[in-house]
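For reference, my_file36.pdb is printed below; it contains PDB, C-alpha atoms.
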```pdb
ATOM      1  CA  MET O   1      28.901  38.844  -0.854
ATOM      2  CA  LYS O   2      26.935  39.948   2.169
ATOM      3  CA  LYS O   3      24.049  41.100  -0.011
ATOM      4  CA  LEU O   4      23.848  37.642  -1.563
ATOM      5  CA  LEU O   5      23.052  36.190   1.853
ATOM      6  CA  PHE O   6      19.804  38.169   1.903
ATOM      7  CA  PHE O   7      18.635  36.195  -1.116
ATOM      8  CA  ILE O   8      18.988  32.824   0.597
ATOM      9  CA  PRO O   9      15.366  32.784   1.859
ATOM     10  CA  LEU O  10      14.083  33.697  -1.608
ATOM     11  CA  ILE O  11      16.187  30.985  -3.221
ATOM     12  CA  ALA O  12      14.992  28.429  -0.662
ATOM     13  CA  PHE O  13      11.407  29.532  -1.280
ATOM     14  CA  ILE O  14      11.745  29.119  -5.042
ATOM     15  CA  ALA O  15      13.422  25.717  -4.671
ATOM     16  CA  LEU O  16      10.617  24.461  -2.415
ATOM     17  CA  GLY O  17       8.034  25.947  -4.765
ATOM     18  CA  VAL O  18       9.488  24.008  -7.700
ATOM     19  CA  VAL O  19       9.579  20.760  -5.696
ATOM     20  CA  PHE O  20       5.981  21.109  -4.528
ATOM     21  CA  TYR O  21       4.748  22.234  -7.942
ATOM     22  CA  GLN O  22       6.126  19.068  -9.505
ATOM     23  CA  GLN O  23       4.087  16.970  -7.086
ATOM     24  CA  LEU O  24       0.817  18.736  -7.959
ATOM     25  CA  GLY O  25      -1.810  16.636  -9.713
ATOM     26  CA  LYS O  26       0.019  13.368  -9.051
ATOM     27  CA  ASP O  27      -1.969  10.397  -7.832
ATOM     28  CA  THR O  28      -1.438  10.449  -4.081
ATOM     29  CA  GLU O  29      -2.620   6.849  -3.781
ATOM     30  CA  TYR O  30       0.103   5.623  -6.106
ATOM     31  CA  MET O  31       2.407   3.121  -4.509
ATOM     32  CA  PRO O  32       5.162   1.255  -6.344
ATOM     33  CA  SER O  33       4.774  -2.509  -6.225
ATOM     34  CA  ALA O  34       7.433  -4.449  -4.337
ATOM     35  CA  LEU O  35       6.965  -7.330  -6.792
ATOM     36  CA  VAL O  36       7.971  -5.662 -10.035
ATOM     37  CA  GLY O  37      10.996  -7.505 -11.416
ATOM     38  CA  GLN O  38      10.272 -10.521  -9.231
ATOM     39  CA  PRO O  39       8.994 -13.908 -10.342
ATOM     40  CA  MET O  40       5.336 -14.630  -9.690
ATOM     41  CA  PRO O  41       4.915 -16.039  -6.168
ATOM     42  CA  GLU O  42       4.168 -19.752  -5.877
ATOM     43  CA  PHE O  43       0.461 -20.430  -5.599
ATOM     44  CA  LYS O  44      -2.124 -23.162  -5.440
ATOM     45  CA  LEU O  45      -5.575 -21.930  -6.415
ATOM     46  CA  VAL O  46      -8.800 -23.508  -7.575
ATOM     47  CA  ASP O  47      -9.583 -23.081 -11.267
ATOM     48  CA  MET O  48     -13.183 -21.907 -11.643
ATOM     49  CA  ALA O  49     -13.846 -23.850 -14.847
ATOM     50  CA  SER O  50     -12.425 -27.246 -13.897
ATOM     51  CA  ASP O  51     -12.872 -26.940 -10.122
ATOM     52  CA  SER O  52      -9.385 -28.395  -9.669
ATOM     53  CA  VAL O  53      -6.315 -27.008  -7.919
ATOM     54  CA  VAL O  54      -3.765 -25.476 -10.270
ATOM     55  CA  SER O  55      -0.353 -23.886  -9.674
ATOM     56  CA  ASN O  56       2.123 -21.664 -11.530
ATOM     57  CA  GLU O  57       2.467 -24.137 -14.423
ATOM     58  CA  ALA O  58      -1.130 -23.429 -15.449
ATOM     59  CA  MET O  59      -0.264 -19.845 -16.364
ATOM     60  CA  PRO O  60      -0.009 -18.859 -20.055
ATOM     61  CA  ASP O  61       3.388 -19.161 -21.746
ATOM     62  CA  GLU O  62       2.993 -15.776 -23.422
ATOM     63  CA  PRO O  63       2.862 -12.312 -21.808
ATOM     64  CA  TYR O  64      -0.495 -11.815 -20.123
ATOM     65  CA  LEU O  65      -2.504  -9.570 -17.840
ATOM     66  CA  LEU O  66      -3.303 -10.778 -14.350
ATOM     67  CA  ASN O  67      -6.480  -9.036 -13.272
ATOM     68  CA  PHE O  68      -7.838  -9.096  -9.708
ATOM     69  CA  TRP O  69     -11.585  -8.600  -9.729
ATOM     70  CA  ALA O  70     -14.691  -9.320  -7.672
ATOM     71  CA  THR O  71     -18.433  -8.944  -7.968
ATOM     72  CA  TRP O  72     -18.488  -6.667  -4.893
ATOM     73  CA  CYS O  73     -16.154  -4.183  -6.525
ATOM     74  CA  PRO O  74     -17.828  -1.305  -8.430
ATOM     75  CA  SER O  75     -14.676  -0.350 -10.369
ATOM     76  CA  CYS O  76     -14.383  -3.932 -11.613
ATOM     77  CA  SER O  77     -17.835  -3.543 -13.063
ATOM     78  CA  ALA O  78     -16.665  -0.364 -14.782
ATOM     79  CA  GLU O  79     -13.623  -1.976 -16.409
ATOM     80  CA  HIS O  80     -15.256  -5.281 -17.347
ATOM     81  CA  ALA O  81     -16.486  -4.168 -20.773
ATOM     82  CA  TYR O  82     -13.044  -2.831 -21.673
ATOM     83  CA  LEU O  83     -11.375  -6.090 -20.616
ATOM     84  CA  GLY O  84     -13.813  -7.805 -22.971
ATOM     85  CA  GLU O  85     -12.590  -5.584 -25.810
ATOM     86  CA  LEU O  86      -8.964  -6.390 -25.002
ATOM     87  CA  ALA O  87      -9.710 -10.111 -24.952
ATOM     88  CA  GLU O  88     -11.301  -9.787 -28.393
ATOM     89  CA  GLN O  89      -8.111  -8.139 -29.641
ATOM     90  CA  GLY O  90      -6.312 -11.296 -28.526
ATOM     91  CA  VAL O  91      -4.869 -10.136 -25.205
ATOM     92  CA  ASN O  92      -4.478 -13.030 -22.802
ATOM     93  CA  ILE O  93      -6.083 -12.091 -19.469
ATOM     94  CA  VAL O  94      -6.033 -14.299 -16.395
ATOM     95  CA  GLY O  95      -8.645 -13.373 -13.800
ATOM     96  CA  ILE O  96      -8.266 -13.770 -10.069
ATOM     97  CA  ASP O  97     -11.668 -13.756  -8.413
ATOM     98  CA  TYR O  98     -10.611 -11.993  -5.237
ATOM     99  CA  LYS O  99     -12.426 -12.613  -1.916
ATOM    100  CA  ASP O 100     -15.645 -13.333  -3.726
ATOM    101  CA  GLU O 101     -18.572 -15.727  -3.682
ATOM    102  CA  THR O 102     -18.059 -18.235  -6.465
ATOM    103  CA  PRO O 103     -21.724 -18.644  -7.557
ATOM    104  CA  ALA O 104     -22.130 -14.871  -7.875
ATOM    105  CA  ALA O 105     -18.858 -14.662  -9.797
ATOM    106  CA  LYS O 106     -19.929 -17.405 -12.210
ATOM    107  CA  GLN O 107     -23.208 -15.655 -12.846
ATOM    108  CA  TRP O 108     -21.414 -12.329 -13.424
ATOM    109  CA  LEU O 109     -19.267 -13.930 -16.138
ATOM    110  CA  VAL O 110     -22.302 -15.527 -17.786
ATOM    111  CA  GLU O 111     -24.222 -12.252 -17.788
ATOM    112  CA  ARG O 112     -21.426  -9.886 -18.808
ATOM    113  CA  GLY O 113     -19.190 -12.151 -20.847
ATOM    114  CA  ASN O 114     -15.929 -13.759 -19.845
ATOM    115  CA  PRO O 115     -12.747 -11.949 -20.951
ATOM    116  CA  TYR O 116     -10.489 -14.372 -19.061
ATOM    117  CA  SER O 117      -8.589 -17.332 -20.493
ATOM    118  CA  LEU O 118      -8.435 -18.693 -16.939
ATOM    119  CA  VAL O 119     -10.230 -17.696 -13.738
ATOM    120  CA  LEU O 120      -8.692 -18.693 -10.401
ATOM    121  CA  LEU O 121     -10.482 -18.367  -7.085
ATOM    122  CA  ASP O 122      -8.752 -16.529  -4.264
ATOM    123  CA  GLU O 123     -11.558 -16.760  -1.748
ATOM    124  CA  MET O 124      -9.505 -15.885   1.338
ATOM    125  CA  GLY O 125      -7.404 -13.225  -0.363
ATOM    126  CA  LYS O 126      -4.173 -15.072   0.456
ATOM    127  CA  PHE O 127      -2.831 -14.869  -3.092
ATOM    128  CA  GLY O 128      -3.827 -11.191  -3.142
ATOM    129  CA  VAL O 129      -1.598 -10.566  -0.129
ATOM    130  CA  ASP O 130       1.232 -12.547  -1.756
ATOM    131  CA  MET O 131       0.912 -10.276  -4.793
ATOM    132  CA  GLY O 132       0.871  -7.197  -2.580
ATOM    133  CA  ILE O 133      -2.495  -5.909  -3.727
ATOM    134  CA  THR O 134      -4.405  -3.352  -1.682
ATOM    135  CA  GLY O 135      -7.854  -3.866  -3.162
ATOM    136  CA  ALA O 136      -9.595  -4.553  -6.443
ATOM    137  CA  PRO O 137      -9.295  -4.008  -9.311
ATOM    138  CA  GLU O 138      -5.563  -4.369  -9.783
ATOM    139  CA  THR O 139      -3.871  -5.522 -12.948
ATOM    140  CA  PHE O 140      -0.364  -6.906 -13.398
ATOM    141  CA  VAL O 141       1.580  -7.427 -16.593
ATOM    142  CA  VAL O 142       3.374 -10.784 -16.406
ATOM    143  CA  SER O 143       6.003 -11.968 -18.874
ATOM    144  CA  ALA O 144       6.030 -15.303 -20.671
ATOM    145  CA  THR O 145       8.569 -16.557 -18.130
ATOM    146  CA  GLY O 146       6.404 -15.544 -15.188
ATOM    147  CA  GLU O 147       8.187 -12.344 -14.210
ATOM    148  CA  ILE O 148       6.047  -9.469 -12.945
ATOM    149  CA  LEU O 149       6.700  -6.454 -15.149
ATOM    150  CA  TYR O 150       4.166  -3.836 -14.113
ATOM    151  CA  ARG O 151       1.300  -3.220 -11.727
ATOM    152  CA  HIS O 152      -1.676  -0.934 -12.222
ATOM    153  CA  GLN O 153      -4.091  -0.099  -9.402
ATOM    154  CA  GLY O 154      -7.619   0.825 -10.425
ATOM    155  CA  VAL O 155      -9.691   0.675 -13.585
ATOM    156  CA  VAL O 156      -8.079  -0.405 -16.853
ATOM    157  CA  ASN O 157      -9.210   1.760 -19.758
ATOM    158  CA  GLU O 158      -7.925   2.853 -23.147
ATOM    159  CA  GLU O 159      -5.395   5.257 -21.611
ATOM    160  CA  VAL O 160      -4.048   2.764 -19.078
ATOM    161  CA  TRP O 161      -3.832   0.078 -21.760
ATOM    162  CA  GLN O 162      -1.388   2.244 -23.738
ATOM    163  CA  THR O 163       1.036   1.906 -20.797
ATOM    164  CA  LEU O 164       0.315  -1.780 -20.158
ATOM    165  CA  LYS O 165       0.783  -2.553 -23.852
ATOM    166  CA  GLU O 166       4.396  -1.384 -23.777
ATOM    167  CA  TYR O 167       5.195  -3.907 -21.068
ATOM    168  CA  MET O 168       3.396  -6.716 -22.915
ATOM    169  CA  GLN O 169       5.974  -6.833 -25.718
TER     170      GLN O 169
ATOM    171  CA  MET S 170     -39.960  12.189  25.791
ATOM    172  CA  ILE S 171     -36.593  13.622  24.800
ATOM    173  CA  GLY S 172     -35.080  12.051  27.885
ATOM    174  CA  ARG S 173     -36.430   8.675  26.887
ATOM    175  CA  CYS S 174     -35.062   9.063  23.349
ATOM    176  CA  LEU S 175     -31.650   9.955  24.705
ATOM    177  CA  ALA S 176     -31.729   7.024  27.107
ATOM    178  CA  SER S 177     -32.525   4.536  24.353
ATOM    179  CA  LEU S 178     -29.865   6.102  22.137
ATOM    180  CA  LEU S 179     -27.327   5.691  24.915
ATOM    181  CA  LEU S 180     -28.388   2.091  25.383
ATOM    182  CA  VAL S 181     -27.951   1.397  21.659
ATOM    183  CA  LEU S 182     -24.536   3.064  21.641
ATOM    184  CA  ALA S 183     -23.440   1.178  24.746
ATOM    185  CA  THR S 184     -24.397  -2.236  23.362
ATOM    186  CA  TRP S 185     -22.968  -1.389  19.946
ATOM    187  CA  SER S 186     -19.580  -0.418  21.335
ATOM    188  CA  SER S 187     -19.359  -3.482  23.550
ATOM    189  CA  THR S 188     -20.095  -5.826  20.625
ATOM    190  CA  SER S 189     -17.488  -4.121  18.432
ATOM    191  CA  ILE S 190     -14.928  -4.520  21.194
ATOM    192  CA  ALA S 191     -15.910  -8.154  21.612
ATOM    193  CA  ASN S 192     -15.113  -8.780  17.925
ATOM    194  CA  ASP S 193     -11.564  -7.633  18.448
ATOM    195  CA  VAL S 194     -10.712 -10.027  21.250
ATOM    196  CA  LEU S 195      -8.014 -12.382  20.060
ATOM    197  CA  ALA S 196      -6.592 -15.262  22.030
ATOM    198  CA  PHE S 197      -2.843 -15.375  22.581
ATOM    199  CA  ASP S 198      -0.774 -17.971  24.402
ATOM    200  CA  THR S 199       1.240 -15.431  26.335
ATOM    201  CA  PRO S 200       0.820 -11.735  27.253
ATOM    202  CA  GLU S 201       4.168 -11.162  25.543
ATOM    203  CA  GLN S 202       2.688 -12.333  22.224
ATOM    204  CA  GLN S 203      -0.257 -10.027  22.688
ATOM    205  CA  GLN S 204       2.121  -7.141  23.319
ATOM    206  CA  ARG S 205       4.069  -7.990  20.154
ATOM    207  CA  TYR S 206       0.849  -8.104  18.146
ATOM    208  CA  ARG S 207      -0.174  -4.697  19.459
ATOM    209  CA  ILE S 208       3.200  -3.149  18.629
ATOM    210  CA  LEU S 209       3.368  -4.739  15.172
ATOM    211  CA  ILE S 210      -0.074  -3.588  14.032
ATOM    212  CA  GLU S 211       0.762  -0.145  15.363
ATOM    213  CA  GLU S 212       4.041   0.044  13.429
ATOM    214  CA  LEU S 213       2.852  -1.496  10.176
ATOM    215  CA  ARG S 214       1.135   0.846   7.808
ATOM    216  CA  CYS S 215      -2.051   0.059   5.947
ATOM    217  CA  PRO S 216      -1.145  -0.082   2.241
ATOM    218  CA  LYS S 217      -4.629   1.024   1.216
ATOM    219  CA  CYS S 218      -5.299   4.037   3.453
ATOM    220  CA  GLN S 219      -1.835   5.392   3.553
ATOM    221  CA  ASN S 220      -1.909   7.513   6.661
ATOM    222  CA  GLN S 221      -3.253   4.897   9.006
ATOM    223  CA  ASN S 222      -1.603   1.921  10.587
ATOM    224  CA  LEU S 223      -3.062  -1.580  10.496
ATOM    225  CA  GLU S 224      -4.554  -1.047  13.930
ATOM    226  CA  ASP S 225      -6.543   2.034  12.951
ATOM    227  CA  SER S 226      -7.715   0.976   9.541
ATOM    228  CA  ASN S 227     -10.849  -0.937   8.694
ATOM    229  CA  ALA S 228      -9.960  -1.403   5.039
ATOM    230  CA  GLY S 229     -10.385  -5.002   3.878
ATOM    231  CA  ILE S 230      -6.678  -5.393   3.277
ATOM    232  CA  ALA S 231      -5.809  -4.040   6.737
ATOM    233  CA  ILE S 232      -8.080  -6.640   8.329
ATOM    234  CA  ASP S 233      -6.436  -9.378   6.253
ATOM    235  CA  LEU S 234      -2.959  -8.191   7.213
ATOM    236  CA  ARG S 235      -3.885  -7.957  10.909
ATOM    237  CA  ASN S 236      -5.113 -11.542  10.737
ATOM    238  CA  GLN S 237      -1.892 -12.517   9.012
ATOM    239  CA  VAL S 238       0.185 -10.896  11.782
ATOM    240  CA  TYR S 239      -1.932 -12.707  14.375
ATOM    241  CA  LYS S 240      -1.512 -16.006  12.575
ATOM    242  CA  MET S 241       2.253 -15.596  12.209
ATOM    243  CA  ILE S 242       2.681 -14.711  15.887
ATOM    244  CA  ASN S 243       0.708 -17.765  16.932
ATOM    245  CA  ASP S 244       2.800 -19.862  14.547
ATOM    246  CA  GLY S 245       5.826 -18.776  16.552
ATOM    247  CA  GLN S 246       7.389 -16.468  13.969
ATOM    248  CA  SER S 247       9.640 -13.646  15.098
ATOM    249  CA  ASN S 248       8.920  -9.941  14.621
ATOM    250  CA  GLU S 249      11.670  -9.861  12.019
ATOM    251  CA  GLN S 250      10.094 -12.667  10.004
ATOM    252  CA  ILE S 251       6.723 -10.913  10.093
ATOM    253  CA  ILE S 252       8.191  -7.584   9.023
ATOM    254  CA  ASP S 253      10.194  -9.267   6.234
ATOM    255  CA  TYR S 254       6.986 -10.951   5.056
ATOM    256  CA  MET S 255       5.191  -7.603   4.828
ATOM    257  CA  VAL S 256       8.112  -5.771   3.199
ATOM    258  CA  ALA S 257       8.490  -8.524   0.565
ATOM    259  CA  ARG S 258       4.878  -7.932  -0.495
ATOM    260  CA  TYR S 259       4.234  -4.253   0.109
ATOM    261  CA  GLY S 260       7.712  -2.723   0.093
ATOM    262  CA  GLU S 261       9.374  -0.628   2.769
ATOM    263  CA  PHE S 262       6.390   1.637   2.489
ATOM    264  CA  VAL S 263       4.559  -0.490   5.093
ATOM    265  CA  LEU S 264       7.053   0.405   7.788
ATOM    266  CA  TYR S 265       6.027   3.425   9.797
ATOM    267  CA  ARG S 266       9.544   3.376  11.215
ATOM    268  CA  PRO S 267      11.753   3.451   8.097
ATOM    269  CA  VAL S 268      14.906   1.321   8.004
ATOM    270  CA  HIS S 269      18.267   3.090   8.240
ATOM    271  CA  ASN S 270      19.968   2.944   4.834
ATOM    272  CA  ALA S 271      21.426   5.254   2.193
ATOM    273  CA  SER S 272      18.057   6.254   0.723
ATOM    274  CA  THR S 273      16.555   7.119   4.110
ATOM    275  CA  ALA S 274      19.661   8.802   5.556
ATOM    276  CA  LEU S 275      18.378  12.278   4.705
ATOM    277  CA  LEU S 276      15.071  11.471   6.382
ATOM    278  CA  TRP S 277      16.716  10.197   9.563
ATOM    279  CA  TYR S 278      19.675  12.553   9.904
ATOM    280  CA  GLY S 279      18.577  15.566   7.834
ATOM    281  CA  PRO S 280      16.863  17.314  10.780
ATOM    282  CA  PHE S 281      19.964  16.927  12.964
ATOM    283  CA  ALA S 282      22.131  18.317  10.165
ATOM    284  CA  LEU S 283      19.773  21.311   9.827
ATOM    285  CA  VAL S 284      19.897  21.960  13.584
ATOM    286  CA  ALA S 285      23.714  21.771  13.486
ATOM    287  CA  ILE S 286      23.884  24.235  10.581
ATOM    288  CA  GLY S 287      21.477  26.555  12.393
ATOM    289  CA  ALA S 288      23.527  26.391  15.586
ATOM    290  CA  LEU S 289      26.726  27.088  13.628
ATOM    291  CA  ILE S 290      25.211  30.168  11.949
ATOM    292  CA  PHE S 291      23.895  31.315  15.328
ATOM    293  CA  VAL S 292      27.335  31.036  16.946
ATOM    294  CA  VAL S 293      29.100  32.729  14.003
ATOM    295  CA  VAL S 294      26.667  35.665  14.081
ATOM    296  CA  ILE S 295      27.033  36.094  17.860
ATOM    297  CA  VAL S 296      30.834  35.920  17.749
ATOM    298  CA  ARG S 297      30.990  38.425  14.900
ATOM    299  CA  ASN S 298      28.655  40.840  16.649
ATOM    300  CA  LYS S 299      30.743  40.607  19.798
ATOM    301  CA  ARG S 300      33.944  41.331  17.900
ATOM    302  CA  HIS S 301      32.285  44.191  16.104
ATOM    303  CA  GLN S 302      31.067  45.532  19.426
ATOM    304  CA  SER S 303      34.461  45.282  21.155
ATOM    305  CA  LYS S 304      36.147  46.967  18.160
ATOM    306  CA  LYS S 305      33.676  49.826  18.480
ATOM    307  CA  ASP S 306      34.349  50.008  22.236
ATOM    308  CA  ILE S 307      38.080  50.276  21.627
ATOM    309  CA  GLU S 308      37.593  52.951  18.959
ATOM    310  CA  SER S 309      35.405  55.041  21.207
TER     311      SER S 309
END
```

For the structure just supplied, provide its representation as structure tokens.
Amino acid sequence: MKKLLFFIPLIAFIALGVVFYQQLGKDTEYMPSALVGQPMPEFKLVDMASDSVVSNEAMPDEPYLLNFWATWCPSCSAEHAYLGELAEQGVNIVGIDYKDETPAAKQWLVERGNPYSLVLLDEMGKFGVDMGITGAPETFVVSATGEILYRHQGVVNEEVWQTLKEYMQ
Amino acid sequence: MIGRCLASLLLVLATWSSTSIANDVLAFDTPEQQQRYRILIEELRCPKCQNQNLEDSNAGIAIDLRNQVYKMINDGQSNEQIIDYMVARYGEFVLYRPVHNASTALLWYGPFALVAIGALIFVVVIVRNKRHQSKKDIES
């Protein structure tokens, strides 16, 4: 019994080692979203195409991606082509032009193609704060009934889409 | 020549720092509100740069959230309302001072429990040694 006590430090060391090892390689920036499982917050934003104010009713009545992007954001540039591919496959993507200059944003969509079924302007970043985003790009999966199912921070690519896709069904 | 360079560098630094301070001046109705603002931005964590508070961080989102805190204070909202607003959007993660509940109990009380266990072991070892010692004394 007494001899067992001598092994306590070793056991503690191994336990800590296992705990720390499991954390290795994980994304340290990852932060769970407080909005998952919640309905989409109420909003009033200007629609880029019609230049009129729209609210939650304007959102698609099928599952869709809500993508925060901006022309000042290099990662948004990186994911843009892939969003285009997704849109071609028939994925409904709503874009939020986050803290951006509208003329530059319009030109960006003309030059690079427009993957969005709807682009809303969040010039002051108020809607971004309501959605709990920390920067751009960020992409949410929203259900047909307007419930937020998943949030991804950073570039959307083939690998990330595999995860998003599961929430889209 | 070097002296002159240094002098102009100092001048540039001096003017630069005073303008950056000037940008941070915010108007409050009462000193109490200013104090609340200072405490809130110190205790709320920047969701982007995770080991800085809103006060320290210059990330875009931290600036937005600081402005939001300022706006809410001037609108007459209480500290609780402001903290609830932040937690609803960014989760309890934004609180540098975690709330007391079941999931944070270990965090809050774990260290005290460890100290208590340590103290207990310490006392047990001392008492045992003493007994051992007095037994030996009697035997000899």

Counting only C-alpha atoms, which residues from chain S have an atom at most 6 Å from any atom of chain O, and could you show them as a PyMOL selection string?
chain S and resi 217+230+258-260

Centre and size of axis-aligned box enclosing stretch 53-63 of chain O plus 6 Å each side, as JSON:
```
{"center_x": -1.5, "center_y": -19.7, "center_z": -15.7, "size_x": 21.7, "size_y": 26.7, "size_z": 27.5}
```

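Taking atom CA of O:Thr102 and atom CA of O:Ala70 as the two end points, the separation is 9.6 Å.
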
Distance of atom CA of O:Leu66 from atom CA of O:Ala136, expressed in Å to one decimal place
11.9 Å

For the atom pair atom CA of O:Val53 and atom CA of O:Val119, what is the interatomic distance in Å to one decimal place?
11.7 Å

For this structure, which residues satisfy the selection - the PyMOL selection byres ((chain O and resi 169) around 9) - when it is evaluated on the file as given? I want them as a PDB file with C-alpha atoms, in the frame of the given file.
```
ATOM      1  CA  PRO O  63       2.862 -12.312 -21.808  1.00  0.00           C
ATOM      2  CA  SER O 143       6.003 -11.968 -18.874  1.00  0.00           C
ATOM      3  CA  LYS O 165       0.783  -2.553 -23.852  1.00  0.00           C
ATOM      4  CA  GLU O 166       4.396  -1.384 -23.777  1.00  0.00           C
ATOM      5  CA  TYR O 167       5.195  -3.907 -21.068  1.00  0.00           C
ATOM      6  CA  MET O 168       3.396  -6.716 -22.915  1.00  0.00           C
TER       7      MET O 168
END
```

May I have the residues within 8 Å of stretch 80-86 of chain O as number ranges by chain, using only C-alpha atoms and disregarding those fewer than 3 positions away in the same chain?
O: 76-77, 89-91, 112-115, 156-158

Given all atoms listed in the file as the counted atoms, nearest of O:Phe6, O:Ile148, O:Met48, O:Glu79 to O:Trp161
O:Glu79
